[in-house]
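**Student:** Below you'll find the structure I mean.
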Amino acid sequence: MSLQPLRVAALQGDEAVAEAVRQSGVDVVAAYPITPQTIIVEKLAEYAAKGNLGGEFVSVESEHSALSACVGASLTGARVFTATSSQGLAYMHEMLYNVSGMRLPVVMAVANRALSAPLVLNADHSDMMGSRDSGWIQVYAENVEEMYDRTIQLFKLCEDPRVLLPAALNFEGFILSHDKERVRLLDDEPVRRFLERPRPRHRLDPADPFTFGAMATPETYYEFRMQQSEAMETALHVFDEVERGFEGISGRRYGAVDAYNTDDADVVMVINGSAAGTMRAAARGLNAAGENVGVLSIKLFRPFPLEQVVSHLSRARAVVAMDRSMSPGAPSGPVSEDVKAALQATKPVMSVVYGIGGRDLSTEDGKKIFGMAKEGSLSGSRSVMYGVKV
Amino acid sequence: MSWKELEAGAVVKGGTSSSYVVSGWRVKRPVIDEAKCTNCLICWIYCPEPAIVRHQEGKVTIDYDHCKGCGICETECPPKAISMVREP
Amino acid sequence: MMTEVRLHGRGGQGVVSAAQLLADAAVLEGKYVQAFPEFGAERAGAPITAYARLSDQPIEIHSSITDPDVVMVVDRSMAYFRGTAQGLAGDGCFVCNFDGPPEELRSKLGLGPSVEVIALDATGIALKSLGKDYPNTPMLGALLKATGIVGFHSVEEALGQRFRGIVLSGNEEAFRLGYRGGSS
């Protein structure tokens, strides 16, 4: 397929997601505004008011209601989107399981932010990590163009009849949600064709009533959960297909992981989100000065790309996993725990917590963390809290 | 049943309880005195089941397969046309 | 080649908008950009910091800017705040809303001899062209004149994308006056 000419625009992350949602031909958007994802909802409301959305914008009174409205809309076979952040996601928590349990392909943008108290506005991954096991596909974007691309890709992935799972597009609040970057926008038509879909499996129809998410007993509940688990495994392969298809209309492909100089490196940092680029910049700087370090960015966090992670880390001499969330009382954070599980003690995994509550991580910080790994001050099975004031 | 055989999302045909008898434990049953009934439909509104069946000509009867015998209709009926009678 | 700009001012003066206008203009020139605010409590009058990165290559890092090439102080009451010049490159550029001589700023703030210091009475220009104290666009004019990091016409085009009617014409005039009026 020949590539379409691209429109280059300067867009804030939130604006880029809203534009992708519009182009994806969404039928229903149900949302409650919360900082800092507000611009997404503002933009979509603006599109709806001007008649450019195509679908319907439903204002609701809370995030719990937002996702409940998404459930109803999705059951009719509609393409559905919502967006939230931190406390809003926490308030949705109960409904997250209903969406995944009913196997509804809802796409949600999450501007990742720390949780109160103390009252906080800034970014970390605590909100999504708190809902990590809710059965949602979870992708972490590194920049604004990727946020745009992933929004479109996730509709395709979720609606695939082999998958039928909801997905959360994660990006750090303010750091990406309010960052204006250069984005190469696609035309509406190729996006529409890319997202052409089979007829939805079920439609909520009064003339032909069904019960959705019917009561399960100890005889069946486990098996329904097994299906979700299997669908996640399948999603790992479908993700790859979707990326290849998207490459056909955009020329852009990211992978479930992004590996920079991971083969045979002395130290590899494993990280997710926007700080992956900062760590790559730090690694490039060190490598230019004669070191040999790498960065593995985990873009698809659920389903976890186990084999790819293992293969990229198999030759690294030392591995450090970096968590932008805290798991009080646990040996280390969720990214670290997954990396440790993946490597099955074939080599030690060091663990670092960083960037909590919006604490900045500079390339200099990145170099320091590489240095700490080399000198051995990160060893031990508990996370080292990098940058905490002592 | 294997997880491979279940309908994903626990989707089942709806409305199935209409074919079940779900009133087996009823102690008293409501009986309508047609002479007193004004067809005001207050019982139809209040019945939580709904076990009050509204017929086209306006007449109401009771669906004893679904009535649990709660007695709300007796309490609410303005002309006192419904009385709760002990099941045999 | 990447240029890092840090902007200081107060909520309501268009500090974030100025960073975004720089980014808009740079994208029109085919550059890669980042423009982002440092968020705290959002209220009029609170000190605000915004950042812009302009580069010929894609930008990977997502951290705040601690060692800027250019510092722009939009608020006149912050002219003597020493913190604004923190980390400024030795051969960097310091552009400030200030109606006195630039050398006064250099000595008060302890700016090095190779730092280019620009003072502009942006509040005066804004009051004249816009009738309100929105010193951001005249300051952008002075910044461009001193650094040339984006073209004059690119910013004019970016203003045209953002504003309409008398707000546009007022901002265009304020921008032009700022471009011409920077004394160094």
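All residue names refer to the structure tokens as shown: chains lettered A, B, ... in order, residues numbered from 1 in each chain, ligands numbered from 1 in order.
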What are the nearest atom pairs, with distances in Å to one decimal, for all residues of chain B that come at most 8 Å from chain A, using only C-alpha atoms, set out by chain and rising residue number as CSV?
**Tutor:**
```
residue,atom,partner,partner_atom,distance
B:Met1,CA,A:Thr220,CA,7.6
B:Ser2,CA,A:Glu223,CA,7.0
B:Trp3,CA,A:Glu223,CA,4.5
B:Lys4,CA,A:Gln227,CA,7.3
B:Leu6,CA,A:Phe224,CA,7.3
B:Ala8,CA,A:Phe224,CA,6.8
B:Gly9,CA,A:Met102,CA,4.0
B:Ala10,CA,A:Gly213,CA,4.6
B:Val11,CA,A:Phe212,CA,4.5
B:Val12,CA,A:Thr211,CA,5.2
B:Lys13,CA,A:Phe210,CA,4.4
B:Gly14,CA,A:Phe210,CA,3.7
B:Gly15,CA,A:Pro209,CA,6.7
```
**Student:** Neighbours of region 29-39 of chain B within 12 Å (only C-alpha atoms; same-chain residues fewer than 4 positions away dropped), as a short mmCIF file (atom, residue, chain, number, x, y, z; two decimals) with C-alpha atoms, in the first residue's frame?
**Tutor:**
```cif
data_model
loop_
_atom_site.label_atom_id
_atom_site.label_comp_id
_atom_site.auth_asym_id
_atom_site.auth_seq_id
_atom_site.Cartn_x
_atom_site.Cartn_y
_atom_site.Cartn_z
CA SER B 23 -42.87 -18.96 43.75
CA GLY B 24 -42.57 -22.31 45.48
CA TRP B 25 -41.98 -20.89 48.97
CA CYS B 43 -50.98 -3.01 42.29
CA TRP B 44 -49.36 -3.28 38.85
CA ILE B 45 -47.15 -0.28 39.64
CA CYS B 47 -45.59 -5.19 42.43
CA ALA B 51 -46.45 -10.65 38.89
CA ILE B 52 -49.50 -8.49 38.20
CA VAL B 53 -50.51 -9.19 34.61
CA ARG B 54 -52.32 -6.43 32.83
CA HIS B 55 -54.71 -7.61 30.13
CA GLN B 56 -55.68 -5.66 27.05
CA GLU B 57 -59.25 -5.06 28.20
CA GLY B 58 -57.84 -3.41 31.36
CA LYS B 59 -58.43 -6.29 33.73
CA VAL B 60 -55.56 -7.41 36.05
CA THR B 61 -54.77 -10.96 37.13
CA ILE B 62 -51.95 -12.52 39.12
CA ASP B 63 -49.08 -14.56 37.71
CA TYR B 64 -48.79 -17.16 40.48
CA ASP B 65 -45.63 -18.68 38.96
CA HIS B 66 -43.74 -15.48 39.79
CA CYS B 67 -45.67 -13.98 42.75
CA LYS B 68 -43.64 -14.41 45.97
CA GLY B 69 -46.57 -13.48 48.20
CA CYS B 70 -45.03 -10.32 49.64
CA GLY B 71 -48.44 -8.67 50.13
CA ILE B 72 -47.48 -5.21 48.92
CA CYS B 73 -50.47 -5.26 46.53
CA GLU B 74 -52.84 -5.94 49.42
CA THR B 75 -51.40 -3.03 51.41
CA CYS B 77 -54.84 -1.47 46.89
CA PRO B 78 -57.07 1.65 47.43
CA PRO B 79 -60.49 -0.13 47.29
CA LYS B 80 -59.13 -3.07 49.38
CA ALA B 81 -59.91 -5.47 46.54
CA ILE B 82 -56.88 -7.73 47.25
CA SER B 83 -56.66 -10.10 50.18
CA MET B 84 -53.84 -12.47 51.12
CA VAL B 85 -55.09 -16.04 51.46
CA ARG B 86 -53.14 -18.90 53.08
CA GLU B 87 -51.76 -21.38 50.53
CA PRO B 88 -53.30 -24.84 50.91
#
```
**Student:** Got a sec: who's within 9 Å of region 113-124 of chain C, counting only C-alpha atoms, leaving out chain neighbours fewer than 6 positions off, as a PyMOL selection string?
**Tutor:** chain C and resi 74-76+88-103+105-106+132-139+142-143+146+174+177-178+181-184
**Student:** Could you find all residues in chain B that DSSP calls strand (DSSP E or B) from the backbone, and write them as a list in words?
**Tutor:**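 Strand (DSSP E or B) members of chain B, listed: Val12, Lys13, Lys28, Arg29, Pro30, Val31, Ile32, Ile52, Val53, Arg54, Val60, Thr61, Ile62, Ile82, Ser83, Met84, Val85 and Arg86 of chain B.
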**Student:** Skipping near chain neighbours, those fewer than 2 positions away, what residues fall within 12 Å of Ile369 (chain A) using only C-alpha atoms, listed as an MDAnalysis selection string?
**Tutor:** chainID A and resid 267:270 279 282:283 286 293 319:322 350:354 361:367 371:378 384:387
**Student:** Figure out the distance between CA of Ala330 (chain A) and CA of Gln308 (chain A), please, to one decimal in Å.
**Tutor:**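 Answer for the CA of Gln308 (chain A) to CA of Ala330 (chain A) separation: 25.5 Å.
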**Student:** Compile a residue-level contact table for chain C against chain A at a cut-off of 9 Å, reporting for every qualifying residue the shortest atom pair and its distance in Å to one decimal, with only C-alpha atoms counted, rows ordered by chain and ascending number, as JSON lines.
**Tutor:**
```
{"residue": "C:Gln20", "atom": "CA", "partner": "A:Lys180", "partner_atom": "CA", "distance": 6.9}
{"residue": "C:Ala23", "atom": "CA", "partner": "A:Ala10", "partner_atom": "CA", "distance": 6.9}
{"residue": "C:Asp24", "atom": "CA", "partner": "A:Ala10", "partner_atom": "CA", "distance": 5.6}
{"residue": "C:Ala25", "atom": "CA", "partner": "A:Ala10", "partner_atom": "CA", "distance": 8.8}
{"residue": "C:Ala26", "atom": "CA", "partner": "A:Ala10", "partner_atom": "CA", "distance": 8.9}
{"residue": "C:Val27", "atom": "CA", "partner": "A:Ala10", "partner_atom": "CA", "distance": 6.1}
{"residue": "C:Leu28", "atom": "CA", "partner": "A:Ala9", "partner_atom": "CA", "distance": 8.0}
{"residue": "C:Gly30", "atom": "CA", "partner": "A:Val8", "partner_atom": "CA", "distance": 8.4}
{"residue": "C:Lys31", "atom": "CA", "partner": "A:Arg182", "partner_atom": "CA", "distance": 7.9}
{"residue": "C:Tyr32", "atom": "CA", "partner": "A:Arg182", "partner_atom": "CA", "distance": 5.8}
{"residue": "C:Val33", "atom": "CA", "partner": "A:Glu181", "partner_atom": "CA", "distance": 5.2}
{"residue": "C:Gln34", "atom": "CA", "partner": "A:Glu181", "partner_atom": "CA", "distance": 4.9}
{"residue": "C:Ala35", "atom": "CA", "partner": "A:Lys180", "partner_atom": "CA", "distance": 4.9}
{"residue": "C:Phe36", "atom": "CA", "partner": "A:Asp179", "partner_atom": "CA", "distance": 4.5}
{"residue": "C:Pro37", "atom": "CA", "partner": "A:His178", "partner_atom": "CA", "distance": 7.3}
{"residue": "C:Glu38", "atom": "CA", "partner": "A:Phe174", "partner_atom": "CA", "distance": 7.9}
{"residue": "C:Phe39", "atom": "CA", "partner": "A:Phe174", "partner_atom": "CA", "distance": 7.3}
{"residue": "C:Gly40", "atom": "CA", "partner": "A:Leu121", "partner_atom": "CA", "distance": 7.4}
{"residue": "C:Ala41", "atom": "CA", "partner": "A:Leu121", "partner_atom": "CA", "distance": 8.5}
{"residue": "C:Ala52", "atom": "CA", "partner": "A:Lys180", "partner_atom": "CA", "distance": 9.0}
{"residue": "C:Pro58", "atom": "CA", "partner": "A:Arg182", "partner_atom": "CA", "distance": 9.0}
{"residue": "C:Ile59", "atom": "CA", "partner": "A:Gly277", "partner_atom": "CA", "distance": 8.3}
{"residue": "C:Glu60", "atom": "CA", "partner": "A:Gly277", "partner_atom": "CA", "distance": 4.5}
{"residue": "C:Ile61", "atom": "CA", "partner": "A:Thr278", "partner_atom": "CA", "distance": 4.0}
{"residue": "C:His62", "atom": "CA", "partner": "A:Thr278", "partner_atom": "CA", "distance": 5.9}
{"residue": "C:Ser63", "atom": "CA", "partner": "A:Ser362", "partner_atom": "CA", "distance": 5.4}
{"residue": "C:Ser64", "atom": "CA", "partner": "A:Asp360", "partner_atom": "CA", "distance": 6.7}
{"residue": "C:Ile65", "atom": "CA", "partner": "A:Ser362", "partner_atom": "CA", "distance": 8.5}
{"residue": "C:Thr66", "atom": "CA", "partner": "A:Ser362", "partner_atom": "CA", "distance": 8.7}
```
